[in-house]
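> Data file structure13.csv (CSV, C-alpha atoms) is appended below.
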```csv
chain,number,residue,atom,x,y,z
A,1,MET,CA,147.8,-47.1,-80.2
A,2,LYS,CA,145.1,-47.8,-77.6
A,3,ASN,CA,146.6,-45.1,-75.3
A,4,PHE,CA,146.8,-42.6,-78.2
A,5,LEU,CA,143.1,-43.2,-79.0
A,6,ILE,CA,142.2,-42.8,-75.3
A,7,ILE,CA,143.9,-39.4,-75.3
A,8,MET,CA,141.9,-38.5,-78.4
A,9,THR,CA,138.7,-39.5,-76.6
A,10,LEU,CA,139.6,-37.2,-73.7
A,11,VAL,CA,140.2,-34.3,-76.1
A,12,ALA,CA,136.8,-35.0,-77.8
A,13,VAL,CA,134.9,-35.2,-74.5
A,14,ILE,CA,136.4,-32.0,-73.1
A,15,SER,CA,135.5,-30.2,-76.3
A,16,ASP,CA,132.0,-31.6,-76.2
A,17,TYR,CA,131.3,-30.5,-72.6
A,18,LEU,CA,132.8,-26.9,-72.6
A,19,LEU,CA,129.5,-25.1,-73.0
A,20,HIS,CA,127.0,-27.6,-71.5
A,21,PRO,CA,126.6,-25.9,-68.1
A,22,PHE,CA,126.5,-22.4,-69.6
A,23,TYR,CA,124.1,-22.3,-72.5
A,24,PRO,CA,121.6,-20.0,-70.6
A,25,GLN,CA,124.4,-17.5,-70.0
A,26,PHE,CA,125.7,-17.8,-73.5
A,27,PHE,CA,122.3,-17.2,-75.2
A,28,GLU,CA,121.6,-14.2,-73.0
A,29,ALA,CA,125.1,-12.6,-73.5
A,30,ARG,CA,125.4,-13.4,-77.2
A,31,PHE,CA,121.9,-13.1,-78.6
A,32,GLY,CA,119.9,-11.5,-75.8
A,33,VAL,CA,117.7,-14.6,-75.5
A,34,THR,CA,116.5,-15.1,-71.8
A,35,ASP,CA,113.5,-17.3,-72.3
A,36,PRO,CA,114.4,-20.7,-70.7
A,37,LYS,CA,112.1,-22.5,-73.1
A,38,TYR,CA,114.5,-21.8,-76.0
A,39,VAL,CA,117.4,-23.1,-74.0
A,40,GLY,CA,115.5,-26.3,-73.5
A,41,TYR,CA,114.5,-26.5,-77.1
A,42,TYR,CA,118.2,-26.2,-78.1
A,43,PHE,CA,119.3,-28.9,-75.7
A,44,ALA,CA,116.6,-31.1,-77.2
A,45,ALA,CA,117.8,-30.4,-80.7
A,46,ILE,CA,121.4,-31.2,-79.6
A,47,CYS,CA,120.2,-34.5,-78.2
A,48,PHE,CA,118.4,-35.3,-81.4
A,49,MET,CA,121.5,-34.7,-83.5
A,50,VAL,CA,123.5,-36.9,-81.2
A,51,MET,CA,120.9,-39.7,-81.5
A,52,ILE,CA,121.1,-39.7,-85.3
A,53,ALA,CA,124.8,-39.0,-85.5
A,54,PHE,CA,126.2,-42.2,-84.0
A,55,PRO,CA,124.1,-44.6,-86.0
A,56,PHE,CA,124.8,-42.6,-89.2
A,57,TRP,CA,128.6,-42.7,-88.8
A,58,ALA,CA,128.5,-46.3,-87.6
A,59,TYR,CA,126.8,-47.1,-90.9
A,60,ILE,CA,129.4,-45.1,-92.9
A,61,SER,CA,132.2,-46.9,-91.0
A,62,LYS,CA,131.1,-50.2,-92.7
A,63,ARG,CA,132.5,-48.7,-95.9
A,64,VAL,CA,135.1,-46.2,-94.8
A,65,ALA,CA,137.7,-46.8,-92.0
A,66,GLU,CA,136.9,-45.0,-88.8
A,67,LEU,CA,140.1,-42.8,-88.7
A,68,ASN,CA,139.6,-41.7,-92.3
A,69,ILE,CA,136.1,-40.6,-91.3
A,70,LEU,CA,137.4,-38.6,-88.3
A,71,VAL,CA,140.0,-36.7,-90.4
A,72,TYR,CA,137.3,-35.1,-92.5
A,73,THR,CA,134.4,-34.9,-90.0
A,74,GLN,CA,136.5,-33.2,-87.3
A,75,LEU,CA,137.9,-30.8,-89.9
A,76,ILE,CA,134.4,-29.8,-90.8
A,77,ALA,CA,133.3,-29.6,-87.2
A,78,GLY,CA,136.2,-27.3,-86.4
A,79,VAL,CA,135.4,-24.9,-89.3
A,80,LEU,CA,131.7,-24.8,-88.2
A,81,ALA,CA,132.8,-24.1,-84.6
A,82,LEU,CA,134.8,-21.1,-85.9
A,83,TYR,CA,131.6,-19.9,-87.7
A,84,CYS,CA,129.6,-20.3,-84.4
A,85,TYR,CA,132.2,-18.0,-82.7
A,86,TRP,CA,131.9,-15.4,-85.5
A,87,THR,CA,128.1,-15.3,-86.2
A,88,THR,CA,125.7,-12.9,-84.5
A,89,SER,CA,122.6,-14.4,-86.1
A,90,TYR,CA,120.5,-16.5,-83.7
A,91,ILE,CA,119.0,-18.5,-86.5
A,92,ASN,CA,122.3,-19.1,-88.3
A,93,PHE,CA,123.8,-20.2,-85.0
A,94,TRP,CA,121.1,-22.8,-84.4
A,95,ILE,CA,121.5,-24.3,-87.9
A,96,VAL,CA,125.3,-24.3,-88.0
A,97,SER,CA,125.9,-25.4,-84.5
A,98,LEU,CA,123.5,-28.4,-84.9
A,99,VAL,CA,125.2,-29.4,-88.1
A,100,MET,CA,128.5,-29.1,-86.2
A,101,ILE,CA,127.1,-31.5,-83.5
A,102,LEU,CA,126.4,-34.0,-86.3
A,103,PHE,CA,130.0,-34.0,-87.5
A,104,LYS,CA,131.4,-33.8,-84.0
A,105,GLY,CA,129.4,-37.0,-83.1
A,106,SER,CA,131.7,-39.0,-85.3
A,107,TYR,CA,134.2,-39.2,-82.4
A,108,LEU,CA,131.9,-41.8,-80.8
A,109,LEU,CA,133.3,-44.2,-83.4
A,110,VAL,CA,136.6,-44.2,-81.4
A,111,TYR,CA,135.0,-46.3,-78.6
A,112,PRO,CA,134.1,-49.4,-80.7
A,113,TYR,CA,137.3,-48.9,-82.7
A,114,ILE,CA,139.4,-49.3,-79.5
A,115,LEU,CA,137.6,-52.5,-78.7
A,116,LYS,CA,138.3,-53.8,-82.1
A,117,ILE,CA,142.1,-53.4,-81.8
A,118,ILE,CA,142.5,-55.0,-78.4
A,119,THR,CA,141.9,-58.5,-77.1
A,120,LYS,CA,138.7,-59.5,-75.4
A,121,LYS,CA,140.6,-59.9,-72.1
A,122,GLU,CA,141.5,-56.2,-72.2
A,123,HIS,CA,137.9,-55.1,-72.6
A,124,PRO,CA,136.8,-54.8,-69.0
A,125,THR,CA,139.9,-52.7,-68.0
A,126,THR,CA,139.6,-50.5,-71.1
A,127,ILE,CA,135.9,-49.9,-70.7
A,128,GLY,CA,136.7,-48.8,-67.1
A,129,ILE,CA,139.4,-46.4,-68.3
A,130,LEU,CA,137.0,-44.9,-70.9
A,131,SER,CA,134.4,-44.4,-68.2
A,132,VAL,CA,137.1,-42.4,-66.2
A,133,ILE,CA,137.9,-40.5,-69.4
A,134,VAL,CA,134.3,-39.5,-69.9
A,135,HIS,CA,133.9,-38.2,-66.3
A,136,LEU,CA,137.3,-36.5,-66.3
A,137,GLY,CA,136.5,-34.9,-69.7
A,138,GLY,CA,133.2,-33.6,-68.3
A,139,ILE,CA,134.9,-32.1,-65.3
A,140,LEU,CA,137.7,-30.4,-67.3
A,141,GLY,CA,135.2,-29.2,-69.9
A,142,ALA,CA,133.0,-27.6,-67.2
A,143,VAL,CA,135.9,-26.0,-65.4
A,144,ILE,CA,137.6,-24.7,-68.6
A,145,GLY,CA,134.2,-23.4,-69.8
A,146,GLY,CA,133.5,-21.7,-66.5
A,147,LEU,CA,136.9,-20.0,-66.6
A,148,THR,CA,136.4,-18.9,-70.2
A,149,VAL,CA,133.0,-17.4,-69.3
A,150,ASP,CA,134.3,-15.6,-66.2
A,151,LEU,CA,137.6,-14.3,-67.6
A,152,ILE,CA,137.0,-13.8,-71.3
A,153,ASP,CA,133.7,-14.4,-73.0
A,154,ALA,CA,131.4,-17.3,-73.6
A,155,SER,CA,131.8,-17.0,-77.3
A,156,TYR,CA,135.5,-17.9,-77.0
A,157,ILE,CA,134.5,-21.4,-76.0
A,158,PHE,CA,133.8,-22.1,-79.7
A,159,LEU,CA,137.5,-21.3,-80.4
A,160,ILE,CA,138.5,-23.9,-77.9
A,161,MET,CA,136.0,-26.3,-79.4
A,162,ALA,CA,137.6,-25.7,-82.8
A,163,LEU,CA,141.0,-26.3,-81.4
A,164,GLY,CA,139.8,-29.6,-80.0
A,165,ASP,CA,138.3,-30.7,-83.3
A,166,PHE,CA,141.4,-29.8,-85.2
A,167,THR,CA,143.5,-31.7,-82.7
A,168,GLN,CA,141.4,-34.8,-83.2
A,169,MET,CA,141.8,-34.4,-87.0
A,170,GLY,CA,145.6,-34.1,-86.6
A,171,MET,CA,145.8,-37.1,-84.3
A,172,SER,CA,143.7,-39.2,-86.7
A,173,ALA,CA,145.9,-38.2,-89.7
A,174,TYR,CA,149.0,-39.0,-87.7
A,175,LEU,CA,147.8,-42.5,-86.8
A,176,LEU,CA,147.0,-43.2,-90.5
A,177,LYS,CA,150.4,-42.0,-91.8
A,178,SER,CA,152.6,-43.2,-89.0
A,179,LYS,CA,154.5,-46.4,-89.5
A,180,LYS,CA,154.7,-46.9,-85.8
A,181,TYR,CA,151.0,-47.8,-85.6
A,182,ASP,CA,149.1,-50.4,-87.7
A,183,THR,CA,145.7,-48.9,-88.2
A,184,SER,CA,144.5,-51.9,-90.2
A,185,ARG,CA,145.2,-54.3,-87.3
A,186,ARG,CA,142.3,-56.2,-85.8
A,187,LYS,CA,142.6,-58.7,-83.0
A,188,GLU,CA,141.6,-62.2,-84.2
A,189,THR,CA,138.4,-63.5,-82.6
A,190,LYS,CA,137.8,-67.1,-81.7
A,191,LYS,CA,135.3,-69.2,-83.4
A,192,LYS,CA,131.8,-68.2,-82.5
A,193,GLU,CA,130.7,-70.0,-79.4
A,194,THR,CA,127.3,-71.7,-79.4
A,195,ILE,CA,125.2,-70.0,-76.7
A,196,ASP,CA,122.0,-71.3,-75.4
A,197,LYS,CA,119.5,-68.5,-76.2
A,198,GLU,CA,117.2,-69.7,-73.5
A,199,ILE,CA,119.5,-68.2,-70.9
A,200,ILE,CA,119.1,-64.8,-72.4
A,201,PRO,CA,116.0,-63.1,-70.9
A,202,LYS,CA,113.3,-62.3,-73.4
A,203,GLY,CA,112.9,-58.6,-74.1
A,204,PHE,CA,115.8,-57.7,-71.9
A,205,ILE,CA,116.9,-54.9,-74.3
A,206,LEU,CA,113.5,-53.3,-74.1
A,207,LYS,CA,113.4,-53.7,-70.4
A,208,ILE,CA,116.8,-52.1,-69.8
A,209,GLY,CA,116.1,-49.5,-72.5
A,210,ILE,CA,112.8,-48.3,-71.0
A,211,THR,CA,114.1,-48.3,-67.5
A,212,THR,CA,117.3,-46.4,-68.3
A,213,LEU,CA,115.3,-44.0,-70.6
A,214,LEU,CA,113.5,-42.9,-67.4
A,215,LEU,CA,116.7,-42.8,-65.4
A,216,TYR,CA,118.6,-40.7,-68.0
A,217,ALA,CA,115.6,-38.4,-68.4
A,218,SER,CA,115.4,-37.9,-64.7
A,219,GLY,CA,119.1,-37.2,-64.3
A,220,PHE,CA,119.5,-34.9,-67.3
A,221,ILE,CA,116.6,-32.7,-66.5
A,222,THR,CA,118.6,-31.1,-63.6
A,223,ARG,CA,121.6,-30.2,-65.8
A,224,PRO,CA,120.7,-27.4,-68.3
A,225,PHE,CA,119.8,-24.8,-65.6
A,226,PHE,CA,121.9,-26.0,-62.7
A,227,SER,CA,124.5,-23.3,-63.1
A,228,SER,CA,121.7,-20.7,-63.2
A,229,TYR,CA,120.1,-22.3,-60.2
A,230,TRP,CA,123.4,-22.2,-58.2
A,231,GLU,CA,124.0,-18.6,-59.1
A,232,HIS,CA,120.4,-17.8,-58.0
A,233,ILE,CA,120.9,-19.2,-54.5
A,234,LYS,CA,124.4,-17.7,-54.1
A,235,THR,CA,124.9,-14.0,-53.3
A,236,TYR,CA,128.0,-13.7,-55.5
A,237,ASP,CA,128.4,-14.2,-59.2
A,238,ASN,CA,131.2,-16.6,-60.1
A,239,THR,CA,130.7,-18.8,-63.1
A,240,PHE,CA,133.9,-20.8,-62.4
A,241,ILE,CA,132.5,-21.9,-59.0
A,242,SER,CA,129.2,-22.8,-60.7
A,243,GLY,CA,131.1,-25.0,-63.1
A,244,VAL,CA,132.9,-26.7,-60.3
A,245,VAL,CA,129.7,-27.4,-58.4
A,246,TYR,CA,128.1,-28.6,-61.6
A,247,ALA,CA,131.0,-31.0,-62.1
A,248,LEU,CA,130.8,-32.4,-58.5
A,249,PRO,CA,129.1,-35.6,-59.5
A,250,GLY,CA,131.9,-36.2,-62.0
A,251,PHE,CA,134.5,-35.8,-59.3
A,252,VAL,CA,132.6,-38.2,-57.1
A,253,ALA,CA,132.5,-40.7,-60.0
A,254,LEU,CA,136.2,-40.5,-60.3
A,255,LEU,CA,136.7,-41.2,-56.6
A,256,VAL,CA,134.4,-44.1,-56.8
A,257,LEU,CA,136.3,-45.6,-59.8
A,258,TRP,CA,139.6,-45.1,-57.9
A,259,TRP,CA,138.2,-46.8,-54.9
A,260,ASP,CA,136.9,-49.7,-57.0
A,261,ILE,CA,140.2,-50.2,-58.6
A,262,LYS,CA,142.0,-50.0,-55.2
A,263,THR,CA,139.6,-52.6,-53.7
A,264,LYS,CA,139.3,-54.6,-56.9
A,265,GLY,CA,135.8,-53.6,-57.6
A,266,THR,CA,132.5,-53.8,-55.7
A,267,LYS,CA,130.8,-57.1,-55.1
A,268,SER,CA,127.4,-55.6,-54.8
A,269,SER,CA,125.1,-55.5,-57.9
A,270,SER,CA,122.2,-53.7,-56.3
A,271,ILE,CA,120.5,-51.0,-58.4
A,272,ALA,CA,117.6,-50.3,-56.0
A,273,ILE,CA,119.9,-48.9,-53.3
A,274,PRO,CA,121.6,-46.3,-55.5
A,275,LEU,CA,118.3,-45.2,-56.9
A,276,CYS,CA,117.0,-44.7,-53.3
A,277,ILE,CA,120.1,-42.7,-52.3
A,278,GLY,CA,119.8,-40.8,-55.6
A,279,VAL,CA,116.4,-39.6,-54.4
A,280,ILE,CA,118.0,-38.2,-51.2
A,281,GLY,CA,120.6,-36.4,-53.2
A,282,LEU,CA,118.0,-34.8,-55.5
A,283,LEU,CA,115.9,-33.7,-52.6
A,284,ALA,CA,118.9,-32.1,-51.0
A,285,GLN,CA,119.8,-30.2,-54.2
A,286,GLY,CA,116.4,-28.6,-54.3
A,287,THR,CA,116.6,-27.1,-50.8
A,288,LEU,CA,118.0,-23.7,-51.9
A,289,VAL,CA,120.6,-24.0,-49.2
A,290,PRO,CA,124.1,-23.9,-50.8
A,291,ALA,CA,125.8,-26.3,-48.3
A,292,ILE,CA,123.0,-28.8,-48.5
A,293,VAL,CA,123.0,-28.5,-52.3
A,294,ILE,CA,126.7,-29.4,-52.4
A,295,PHE,CA,126.0,-32.4,-50.1
A,296,GLY,CA,123.2,-33.4,-52.4
A,297,ARG,CA,125.5,-33.2,-55.5
A,298,ILE,CA,128.0,-35.5,-53.8
A,299,VAL,CA,125.4,-38.0,-52.7
A,300,TYR,CA,123.7,-37.9,-56.1
A,301,GLY,CA,127.0,-38.3,-57.9
A,302,TRP,CA,127.7,-41.6,-56.1
A,303,ALA,CA,124.2,-42.9,-56.6
A,304,VAL,CA,123.7,-42.1,-60.3
A,305,PHE,CA,127.2,-43.4,-61.2
A,306,ARG,CA,126.5,-46.7,-59.3
A,307,ALA,CA,123.1,-47.1,-61.0
A,308,ILE,CA,124.3,-46.4,-64.5
A,309,VAL,CA,127.3,-48.7,-64.2
A,310,ARG,CA,125.2,-51.5,-62.7
A,311,PHE,CA,122.6,-51.2,-65.5
A,312,ASP,CA,125.5,-51.6,-68.0
A,313,VAL,CA,126.7,-54.7,-66.1
A,314,LEU,CA,123.1,-56.1,-66.3
A,315,LEU,CA,123.1,-55.5,-70.0
A,316,PHE,CA,126.5,-57.2,-70.5
A,317,GLU,CA,125.4,-60.2,-68.5
A,318,SER,CA,122.3,-60.6,-70.5
A,319,SER,CA,123.9,-60.0,-73.9
A,320,THR,CA,126.6,-62.0,-75.8
A,321,PRO,CA,129.9,-60.8,-77.2
A,322,ASP,CA,128.6,-61.2,-80.8
A,323,THR,CA,125.6,-58.9,-80.1
A,324,TYR,CA,127.3,-56.5,-77.7
A,325,ALA,CA,127.6,-53.6,-80.1
A,326,ILE,CA,124.0,-54.0,-81.4
A,327,ASP,CA,122.5,-54.4,-78.0
A,328,TYR,CA,124.4,-51.5,-76.6
A,329,SER,CA,123.5,-49.2,-79.5
A,330,LYS,CA,119.8,-50.0,-78.9
A,331,VAL,CA,119.9,-49.2,-75.2
A,332,HIS,CA,122.0,-46.1,-76.0
A,333,PHE,CA,119.2,-44.9,-78.3
A,334,PHE,CA,116.6,-45.3,-75.5
A,335,GLN,CA,118.9,-43.3,-73.1
A,336,ASN,CA,119.3,-40.5,-75.6
A,337,PHE,CA,115.6,-40.4,-76.2
A,338,GLY,CA,115.1,-39.9,-72.5
A,339,VAL,CA,117.6,-37.0,-72.6
A,340,LEU,CA,115.7,-35.6,-75.6
A,341,ILE,CA,112.4,-35.6,-73.7
A,342,SER,CA,114.0,-33.9,-70.7
A,343,SER,CA,115.7,-31.3,-72.9
A,344,PHE,CA,112.4,-30.5,-74.6
A,345,LEU,CA,110.5,-30.1,-71.3
A,346,VAL,CA,113.0,-28.5,-69.0
A,347,GLY,CA,112.8,-25.0,-70.5
A,348,ILE,CA,109.0,-25.0,-70.4
A,349,LEU,CA,109.0,-26.2,-66.7
A,350,VAL,CA,111.6,-23.7,-65.6
A,351,ASP,CA,109.7,-20.9,-67.3
A,352,GLN,CA,106.4,-21.9,-65.6
A,353,TYR,CA,107.6,-23.0,-62.2
A,354,GLY,CA,111.1,-21.7,-61.6
A,355,LEU,CA,114.6,-23.0,-61.3
A,356,GLU,CA,113.7,-25.5,-58.5
A,357,ILE,CA,111.2,-27.6,-60.5
A,358,PRO,CA,113.8,-29.8,-62.3
A,359,PHE,CA,114.8,-31.4,-59.0
A,360,THR,CA,111.2,-32.1,-58.1
A,361,ILE,CA,110.6,-33.8,-61.5
A,362,ALA,CA,113.9,-35.7,-61.1
A,363,VAL,CA,112.8,-37.1,-57.7
A,364,ILE,CA,109.5,-38.3,-59.2
A,365,GLY,CA,111.5,-39.8,-62.1
A,366,PHE,CA,113.9,-41.7,-59.8
A,367,VAL,CA,111.0,-43.1,-57.8
A,368,ALA,CA,109.3,-44.2,-61.0
A,369,THR,CA,112.6,-45.7,-62.2
A,370,LEU,CA,112.9,-47.7,-59.0
A,371,GLY,CA,109.3,-48.9,-59.3
A,372,LEU,CA,109.8,-49.9,-63.0
A,373,TYR,CA,113.1,-51.7,-62.2
A,374,VAL,CA,111.4,-53.7,-59.4
A,375,LEU,CA,108.4,-54.5,-61.7
A,376,LEU,CA,110.5,-55.5,-64.8
A,377,PHE,CA,113.4,-57.2,-63.0
A,378,LYS,CA,111.6,-59.1,-60.2
A,379,ILE,CA,114.0,-62.1,-60.3
A,380,ASN,CA,117.1,-59.9,-60.3
A,381,PHE,CA,115.7,-57.8,-57.5
A,382,LYS,CA,114.9,-60.8,-55.3
A,383,LYS,CA,118.4,-62.2,-55.9
A,384,THR,CA,119.9,-58.9,-54.9
A,385,ILE,CA,117.9,-58.8,-51.7
A,386,LEU,CA,118.9,-62.3,-50.8
A,387,LYS,CA,122.6,-61.6,-51.5
A,388,THR,CA,122.6,-58.4,-49.4
A,389,THR,CA,120.8,-60.0,-46.4
```
Kindly return the structure encoded in the file as structure tokens.

Amino acid sequence: MKNFLIIMTLVAVISDYLLHPFYPQFFEARFGVTDPKYVGYYFAAICFMVMIAFPFWAYISKRVAELNILVYTQLIAGVLALYCYWTTSYINFWIVSLVMILFKGSYLLVYPYILKIITKKEHPTTIGILSVIVHLGGILGAVIGGLTVDLIDASYIFLIMALGDFTQMGMSAYLLKSKKYDTSRRKETKKKETIDKEIIPKGFILKIGITTLLLYASGFITRPFFSSYWEHIKTYDNTFISGVVYALPGFVALLVLWWDIKTKGTKSSSIAIPLCIGVIGLLAQGTLVPAIVIFGRIVYGWAVFRAIVRFDVLLFESSTPDTYAIDYSKVHFFQNFGVLISSFLVGILVDQYGLEIPFTIAVIGFVATLGLYVLLFKINFKKTILKTT
């Protein structure tokens, strides 16, 4: 059943990422909206809905089984996606699409559900596979979205979204009715171990939360207008290529994951080094030279993936199995709040200063993240320096 749920997660992520790189083009083609501020506001609204969706459905899942929730929520999300394809009203699109995001967000329940039905020994491998799925889904979503915009029309993306939602609904219903899978199964957990709370750093959730808030805000601010930026610096208009270049960091993340599996992981736990390299990648992306921008996307992809994964490792090391879900949800909230801030500001900044400004802000943000990391995690930083020297 685990593999079945992983496939369902891939479908969900692809459906979720289809339009992410192309909202500026979609708003202009469908509603005649060209003001970048409104694109930024819309991204902020999406982020806000995601922030409240996961905790809401997690609360509901205490009373209703996850797969039962998904059957109904994905059905509703699919119907709303069809409405988004059909409507020509800008206001109605805003309202309905955001409600759609709320229901689509229930697919995030699959992640903790997978962890519930497997043994603890399987967790590290499964989490790695899910990381691959997220990046692969992002790549496929961007590529499929780009092909749809180029060959058909951006509005048709919502038909593909609806198909993805209905597929998840069908898969959930199949699992519930199939005798082959026991959807009520839970792996037995051992008796709670007594853990010395003194070894857990005080305020580590707040420290990691604030630091990754700044990291996610800095990384996300380059996303909403990247495809527009790429088309601005290129002489030809090809949305598919824009989607591929947009997805380059995801491709790099997949290669890094493959290399880690082949070499049985990386022994380094440094976060400072990826942040420094990330600054180089961001500076390269802001040069307006296509070849250097591609180089910057590759370097940035390696750096941001390493930084995010190692912050997760730091969280898991400081947390305990009993509080993993709670601690992760808190940090996840901080990260999404960072994305919300960027989403709100990016449209205003692009409107005032042009398509290059997100990279400048991101560089400042990465430098600030590095400084905050060194300040808040002095002990960890010193240990890392000693290990790497």
> Anything within 10 Å of (119.1, -30.5, -84.4): list those residues as a ChimeraX atom specification, counting only C-alpha atoms and sticking to the file's coordinates.
/A:41-52,94-102
> Counting only C-alpha atoms, which residues in region 21-64 of chain A sit no more than 12 Å from region 241-263 of chain A? For each one, give the nearest pair of atoms and the distance in Å, sorted by chain then residue number, as CSV.

```
residue,atom,partner,partner_atom,distance
A:Pro21,CA,A:Gly243,CA,6.8
A:Phe22,CA,A:Gly243,CA,8.4
A:Gln25,CA,A:Ser242,CA,11.7
```
> Here is a test: counting all atoms listed in the file, which residue of A:Gly347, A:Gly365, A:Gly164, A:Pro290 is nearest to Val39 (chain A)?
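That would be A:Gly347, the residue with the smallest distance to Val39 (chain A).
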> Interatomic distance between CA of Gly209 (chain A) and CA of Phe337 (chain A)?
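Going from CA of Gly209 (chain A) over to CA of Phe337 (chain A) covers 9.8 Å.
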> Which residues, written as a VMD selection string, have at least one atom at most 8 Å from Val110 (chain A), with only C-alpha atoms counted and residues fewer than 6 positions away on the same chain left out?
chain A and resid 5 9 66
> Skipping near chain neighbours, those fewer than 4 positions away, what residues fall within 12 Å of Gly354 (chain A) using all atoms listed in the file, listed as a list in words?
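Final neighbour list, sorted by chain and number: Asp35, Pro36, Lys37, Phe225, Phe226, Ser228, Tyr229, His232, Gly286, Val346, Gly347, Ile348, Leu349, Val350, Pro358, Phe359 and Thr360 of chain A.
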> For CA of Ala81 (chain A) and CA of Leu159 (chain A), determine how far apart the two atoms are, in Å to one decimal place.
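Atom-to-atom, CA of Ala81 (chain A) to CA of Leu159 (chain A), that is 6.9 Å.
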> For the atom pair CA of Ala162 (chain A) and CA of Cys84 (chain A), what is the interatomic distance in Å to one decimal place?
9.8 Å
> Hey, which of A:Lys104, A:His20, A:Lys378, A:Lys330 ends up closest to Leu80 (chain A)? Count only C-alpha atoms.
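Looking at the shortest contact to Leu80 (chain A), the residue is A:Lys104.
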> Quick one: of A:Pro112, A:Gly146, A:Gly138, A:Gly78, who's nearest to Thr126 (chain A), counting all atoms listed in the file?
A:Pro112
> Which one of A:Leu147, A:Val331, A:Tyr38, A:Gln168 sits closest to Ile76 (chain A) if you count all atoms listed in the file?
A:Gln168
> Excluding Phe366 (chain A) and any residue of its chain fewer than 2 positions from it, enumerate the residues within 9 Å of it, using only C-alpha atoms, and give them as a PyMOL selection string.
chain A and resi 214-215+218-219+275-276+278-279+361-364+368-371
> Residues near Phe103 (chain A), anyone? I mean within 9 Å using all atoms listed in the file, not counting same-chain ones fewer than 6 positions away, as a list in words.
Ala53, Trp57, Leu70, Tyr72, Thr73, Gln74, Leu75, Ile76 and Ala77 of chain A
> Would you export the selected residues with C-alpha atoms as a PDB file, in the frame of the given file, please?

```pdb
ATOM      1  CA  ALA A  53     124.800 -39.000 -85.500  1.00  0.00           C
ATOM      2  CA  TRP A  57     128.600 -42.700 -88.800  1.00  0.00           C
ATOM      3  CA  LEU A  70     137.400 -38.600 -88.300  1.00  0.00           C
ATOM      4  CA  TYR A  72     137.300 -35.100 -92.500  1.00  0.00           C
ATOM      5  CA  THR A  73     134.400 -34.900 -90.000  1.00  0.00           C
ATOM      6  CA  GLN A  74     136.500 -33.200 -87.300  1.00  0.00           C
ATOM      7  CA  LEU A  75     137.900 -30.800 -89.900  1.00  0.00           C
ATOM      8  CA  ILE A  76     134.400 -29.800 -90.800  1.00  0.00           C
ATOM      9  CA  ALA A  77     133.300 -29.600 -87.200  1.00  0.00           C
TER      10      ALA A  77
END
```
> Excluding same-chain residues fewer than 5 positions from Phe295 (chain A), what lies within 8 Å of it counting all atoms listed in the file, as number ranges by chain?
A: 281, 284-285
> Keeping only C-alpha atoms, write the selected residues to a file as a CSV table (one decimal), in the frame of the given file.

```
chain,number,residue,atom,x,y,z
A,281,GLY,CA,120.6,-36.4,-53.2
A,284,ALA,CA,118.9,-32.1,-51.0
A,285,GLN,CA,119.8,-30.2,-54.2
```
> Point out the residue among A:Thr34, A:Ser15, A:Ser172, A:Asn3 with the least atom-to-atom distance to Ile117 (chain A), counting all atoms listed in the file.
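Nearest to Ile117 (chain A): A:Asn3.
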> Between A:Phe4, A:Tyr59, A:Tyr113, A:Phe158, single out the one closest to Leu19 (chain A), counting only C-alpha atoms.
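Smallest distance to Leu19 (chain A) is found for A:Phe158.
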> Please complete region 212-221 of chain A so it has N, CA and C atoms, and hand it over as a compact mmCIF listing (two decimals), keeping the file's coordinate frame.

```
# COMPACT_ATOMS: atom_id res chain seq x y z
N THR A 212 116.25 -47.39 -68.29
CA THR A 212 117.30 -46.40 -68.30
C THR A 212 116.89 -45.13 -69.06
N LEU A 213 115.91 -45.24 -69.95
CA LEU A 213 115.30 -44.00 -70.60
C LEU A 213 114.80 -43.11 -69.47
N LEU A 214 114.06 -43.69 -68.53
CA LEU A 214 113.50 -42.90 -67.40
C LEU A 214 114.60 -42.39 -66.51
N LEU A 215 115.62 -43.22 -66.26
CA LEU A 215 116.70 -42.80 -65.40
C LEU A 215 117.51 -41.65 -66.01
N TYR A 216 117.85 -41.77 -67.29
CA TYR A 216 118.60 -40.70 -68.00
C TYR A 216 117.78 -39.42 -68.07
N ALA A 217 116.49 -39.57 -68.36
CA ALA A 217 115.60 -38.40 -68.40
C ALA A 217 115.55 -37.67 -67.11
N SER A 218 115.46 -38.45 -66.02
CA SER A 218 115.40 -37.90 -64.70
C SER A 218 116.67 -37.18 -64.28
N GLY A 219 117.79 -37.80 -64.64
CA GLY A 219 119.10 -37.20 -64.30
C GLY A 219 119.41 -35.99 -65.10
N PHE A 220 119.10 -36.03 -66.39
CA PHE A 220 119.50 -34.90 -67.30
C PHE A 220 118.67 -33.67 -67.03
N ILE A 221 117.45 -33.82 -66.58
CA ILE A 221 116.60 -32.70 -66.50
C ILE A 221 117.11 -31.63 -65.47
```
